[in-house]
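Since the structure comes first, as structure tokens, the remarks are kept for the end.
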Amino acid sequence: MGKIKKLKKLGGKVSRPCPLDEQLTRDELARPTGRTKIRSERKDGDDEYVEGQLGRIILKQSVAQLKEMEEEMEEEEFPPLGAQRPRFTKRPTAVKLSSKSGKDGESEESSDEEVDETHAAVPQNVDKVVKEFEDELNLAEEDKKVLEHFMNKDALPQRKLADLFRDKITEKQTEIKTQVDASSVQTVNLSPEVQEMCAQVGKVLAKYRSGPLPKMFKVIPKMRSWEELVYLTNPDKWSAAAMYQAVRIFVSNLKEAMAQRFFNLVLLPRVRDDISFYKRLNYHLYQALCKALFKPAAFFKGVLLPLCMSGNCTLREAVIVGSVLAKNHIPILHSAAAILKIAEMDYTGPNSIFLRIFFDKKYALPYRVIDACVYHYLKFEHDRRDLPVLWHQSLITFIQRYKEDLSPDQKQSLLDVVRFHTHHAITGEIRRELLNSKSRGEDDSKMVVE
């Protein structure tokens, strides 16, 4: 069967061949096909979105770039509370105290910039944070009258920062001259040029608000005679923002002992002056206290313990400094040493606030520290003065956290103490906690019997 007959039988359409000349003519000309192609039109308009993985990558990069720009602007300026920060401002020019060109100065300033990890950790509204912390302590007005009986009436009046700093330097120089032969001591004689430059730096720091610091001030912590150089800059006239920047620099460059002296001689008097005058603490000084906690040993020896030992620490000062301790992480060994020192001091109202803050952190304290705290409360067994509510609050916090670490004798002694010093809302809870809890070593004895 031929091909044509087969296609006809299957029902297919068979095309008849045309003459050869017509076939040659038809092949020379292009003929339109019956198939139509549908192509998607490309639109380059701005209102179209890029879809798929490319769009996600572009969006992620743009968000990261915007965040980086905002962080750079926050590092350049520290706006006051409540004021709206302008988004695009011109960077203030650096204060030049040398003869170098502007470009070199800018490059060196950019290389000396550090990442400020404290600015993001400190709350913007410091007054609100302090007020909430004060509400948590539940301080009563009657406690102020009771706490006057525990204040050190023989404490010396608070001196100015400049006088205190001058006396400390003179005392140190006298101590060195008495211990070492005067012929072998090489005193540091500052040239008039250095003294004049320090005076100029002090004038800049007195009006400092934001921006880069003088280069001379960044070199001071690396000098052997840094105390004399700091004194020449008149630290009692520094602005609050300059004090925060100074704490950043000195914390990063000084060792524990030197940082402790700077906190004790410069930072603590300035904080106490600001609180006593304004009844609140400046935002930059609050930042400085948080930054000082980066060296916990220096902070405790230079700020917290001298504040407790002064005998005239007010409740307002204790609440503000206590909020700094409560909002920041502190290593357990440094906290345990601070609790041990505070428990051995003479009692004042602020001591109860600081002890309660440390107890609320729920550290696993050594038995030596717990025994010192128990002895601290046992000292009031024969004290017939009316104790403030702060004392009862710190005692119940201590018992709630460490009741299972107390021995049976210690629990009985504490029950004898609360028998004489009672509070209508707290004493009953203290007795229930002591009577309905296991003592130190009970689990071990049960395991031995089994």
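We label chains A, B, ... in the order they appear in the structure tokens, count residues from 1 in each chain, and number ligands from 1 in the order shown.
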message: Residues near segment 304-309 of chain A, anyone? I mean within 12 Å using only C-alpha atoms, not counting same-chain ones fewer than 3 positions away, as a PyMOL selection string.
response: chain A and resi 151-152+155-156+158+260-261+263-265+267-269+271-272+289+292-293+296-301+312-315+317-318+320-322+324-325+334-335+337-355
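Near Tyr244 of chain A, within 10 Å and counting only C-alpha atoms, sit Trp238, Ser239, Ile249, Leu267, Tyr283, His284, Leu285, Tyr286, Gln287, Ala288, Leu289, Cys290, Lys291 and Ala292 of chain A, not including residues fewer than 5 positions from it in the same chain.
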task: Name the residues in contact with Thr397 of chain A at a cut-off of 9 Å, using only C-alpha atoms, excluding same-chain residues fewer than 6 positions from it; report them as a list of chain:residue names.
output: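 The residues that qualify are A:Arg356, A:Phe359, A:Asp360.
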Just-selected residues, C-alpha atoms written as an mmCIF file, in the first residue's frame:
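That gives us again.cif:
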```cif
data_model
loop_
_atom_site.group_PDB
_atom_site.id
_atom_site.type_symbol
_atom_site.label_atom_id
_atom_site.label_comp_id
_atom_site.auth_asym_id
_atom_site.auth_seq_id
_atom_site.Cartn_x
_atom_site.Cartn_y
_atom_site.Cartn_z
ATOM 1 C CA ARG A 356 19.079 43.942 99.135
ATOM 2 C CA PHE A 359 20.619 39.532 97.318
ATOM 3 C CA ASP A 360 18.073 40.007 94.522
#
```
query: So which residues touch Tyr377 of chain A within 8 Å, counting only C-alpha atoms, skipping near sequence neighbours fewer than 2 positions away, as an MDAnalysis selection string?
result: chainID A and resid 373:375 379:381 395 414 417
Writing out the chosen residues with N, CA, C and O atoms as a PDB file, in the first residue's frame:
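And here's again14.pdb as it stands now:
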```pdb
ATOM      1  N   CYS A 373      26.834  37.758 106.597  1.00  0.00           N
ATOM      2  CA  CYS A 373      25.529  38.425 106.549  1.00  0.00           C
ATOM      3  C   CYS A 373      24.677  38.054 107.765  1.00  0.00           C
ATOM      4  O   CYS A 373      23.967  38.908 108.326  1.00  0.00           O
ATOM      5  N   VAL A 374      24.739  36.784 108.195  1.00  0.00           N
ATOM      6  CA  VAL A 374      23.992  36.379 109.386  1.00  0.00           C
ATOM      7  C   VAL A 374      24.495  37.125 110.613  1.00  0.00           C
ATOM      8  O   VAL A 374      23.701  37.628 111.434  1.00  0.00           O
ATOM      9  N   TYR A 375      25.798  37.233 110.750  1.00  0.00           N
ATOM     10  CA  TYR A 375      26.361  37.978 111.883  1.00  0.00           C
ATOM     11  C   TYR A 375      25.994  39.455 111.805  1.00  0.00           C
ATOM     12  O   TYR A 375      25.823  40.117 112.844  1.00  0.00           O
ATOM     13  N   LYS A 379      23.895  41.303 115.070  1.00  0.00           N
ATOM     14  CA  LYS A 379      24.393  42.427 115.870  1.00  0.00           C
ATOM     15  C   LYS A 379      23.273  43.301 116.405  1.00  0.00           C
ATOM     16  O   LYS A 379      23.480  44.080 117.354  1.00  0.00           O
ATOM     17  N   PHE A 380      22.062  43.202 115.824  1.00  0.00           N
ATOM     18  CA  PHE A 380      20.950  44.060 116.255  1.00  0.00           C
ATOM     19  C   PHE A 380      20.098  43.395 117.334  1.00  0.00           C
ATOM     20  O   PHE A 380      19.045  43.932 117.693  1.00  0.00           O
ATOM     21  N   GLU A 381      20.557  42.248 117.838  1.00  0.00           N
ATOM     22  CA  GLU A 381      19.757  41.573 118.865  1.00  0.00           C
ATOM     23  C   GLU A 381      19.665  42.394 120.140  1.00  0.00           C
ATOM     24  O   GLU A 381      18.615  42.417 120.804  1.00  0.00           O
ATOM     25  N   LEU A 395      16.418  41.873 105.289  1.00  0.00           N
ATOM     26  CA  LEU A 395      16.480  40.607 106.013  1.00  0.00           C
ATOM     27  C   LEU A 395      15.591  39.550 105.355  1.00  0.00           C
ATOM     28  O   LEU A 395      16.019  38.397 105.163  1.00  0.00           O
ATOM     29  N   LEU A 414      18.397  33.936 114.314  1.00  0.00           N
ATOM     30  CA  LEU A 414      17.619  34.940 113.583  1.00  0.00           C
ATOM     31  C   LEU A 414      16.186  35.035 114.106  1.00  0.00           C
ATOM     32  O   LEU A 414      15.591  36.122 114.125  1.00  0.00           O
ATOM     33  N   VAL A 417      16.267  37.276 116.976  1.00  0.00           N
ATOM     34  CA  VAL A 417      16.404  38.687 116.602  1.00  0.00           C
ATOM     35  C   VAL A 417      15.052  39.273 116.214  1.00  0.00           C
ATOM     36  O   VAL A 417      14.677  40.373 116.660  1.00  0.00           O
TER      37      VAL A 417
END
```
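By only C-alpha atoms, and with residues fewer than 2 positions from Ala326 of chain A along its chain excluded, the set lying at most 8 Å from it is Gly322, Ser323, Val324, Asn328, His329, Ile357, Phe358 and Lys361 of chain A.
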Write the residues you've just listed into a file as an mmCIF file, in the first residue's frame, and include N, CA, C and O atoms for each of them.
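That gives us out_6.cif:
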```cif
data_model
loop_
_atom_site.group_PDB
_atom_site.id
_atom_site.type_symbol
_atom_site.label_atom_id
_atom_site.label_comp_id
_atom_site.auth_asym_id
_atom_site.auth_seq_id
_atom_site.Cartn_x
_atom_site.Cartn_y
_atom_site.Cartn_z
ATOM 1 N N GLY A 322 22.308 52.523 93.462
ATOM 2 C CA GLY A 322 21.763 51.174 93.491
ATOM 3 C C GLY A 322 21.078 50.785 92.194
ATOM 4 O O GLY A 322 21.120 49.617 91.787
ATOM 5 N N SER A 323 20.439 51.743 91.515
ATOM 6 C CA SER A 323 19.828 51.428 90.221
ATOM 7 C C SER A 323 20.881 51.061 89.186
ATOM 8 O O SER A 323 20.632 50.220 88.311
ATOM 9 N N VAL A 324 22.066 51.668 89.276
ATOM 10 C CA VAL A 324 23.156 51.296 88.373
ATOM 11 C C VAL A 324 23.582 49.857 88.634
ATOM 12 O O VAL A 324 23.822 49.076 87.702
ATOM 13 N N ASN A 328 22.814 46.399 85.774
ATOM 14 C CA ASN A 328 24.001 45.926 85.064
ATOM 15 C C ASN A 328 24.470 44.603 85.659
ATOM 16 O O ASN A 328 24.245 44.309 86.849
ATOM 17 N N HIS A 329 25.155 43.822 84.824
ATOM 18 C CA HIS A 329 25.700 42.533 85.262
ATOM 19 C C HIS A 329 27.032 42.753 85.969
ATOM 20 O O HIS A 329 27.881 43.511 85.499
ATOM 21 N N ILE A 357 19.923 44.760 97.002
ATOM 22 C CA ILE A 357 20.154 44.694 95.555
ATOM 23 C C ILE A 357 21.020 43.483 95.219
ATOM 24 O O ILE A 357 20.736 42.734 94.270
ATOM 25 N N PHE A 358 22.072 43.271 95.989
ATOM 26 C CA PHE A 358 22.946 42.113 95.739
ATOM 27 C C PHE A 358 22.211 40.795 96.011
ATOM 28 O O PHE A 358 22.418 39.807 95.298
ATOM 29 N N LYS A 361 20.031 39.562 93.135
ATOM 30 C CA LYS A 361 20.702 39.005 91.966
ATOM 31 C C LYS A 361 20.827 37.482 92.044
ATOM 32 O O LYS A 361 21.222 36.841 91.054
#
```
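For the residues A:His421, A:Leu365, A:Thr25, A:Gly302, ranking by smallest atom-to-atom distance to Pro331 of chain A using only C-alpha atoms places A:Leu365 first.
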- request: Counting only C-alpha atoms, figure out which residue out of A:Ile426, A:Trp391, A:Arg368, A:Leu434 gets nearest to Gln412 of chain A.
  value: A:Leu434
query: Between atom CA of Leu390 of chain A and atom CA of Arg419 of chain A, what is the distance, to one decimal in Å?
result: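 For atom CA of Leu390 of chain A relative to atom CA of Arg419 of chain A, the distance reads 17.4 Å.
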message: Calculated over only C-alpha atoms, which of the candidates A:Met223, A:Ala336, A:Ala259, A:Val266 has the smallest distance to Asp236 of chain A?
response: A:Val266
- request: Could you check how far atom CA of Glu429 of chain A sits from atom CA of Val369 of chain A, in Å to one decimal?
  value: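 These atoms are spaced 23.3 Å apart.
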- prompt: When you draw a straight line from atom CA of Ser407 of chain A to atom CA of Ile332 of chain A, how long is it in Å?
  reply: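 Between atom CA of Ser407 of chain A and atom CA of Ile332 of chain A the gap works out to 22.6 Å.
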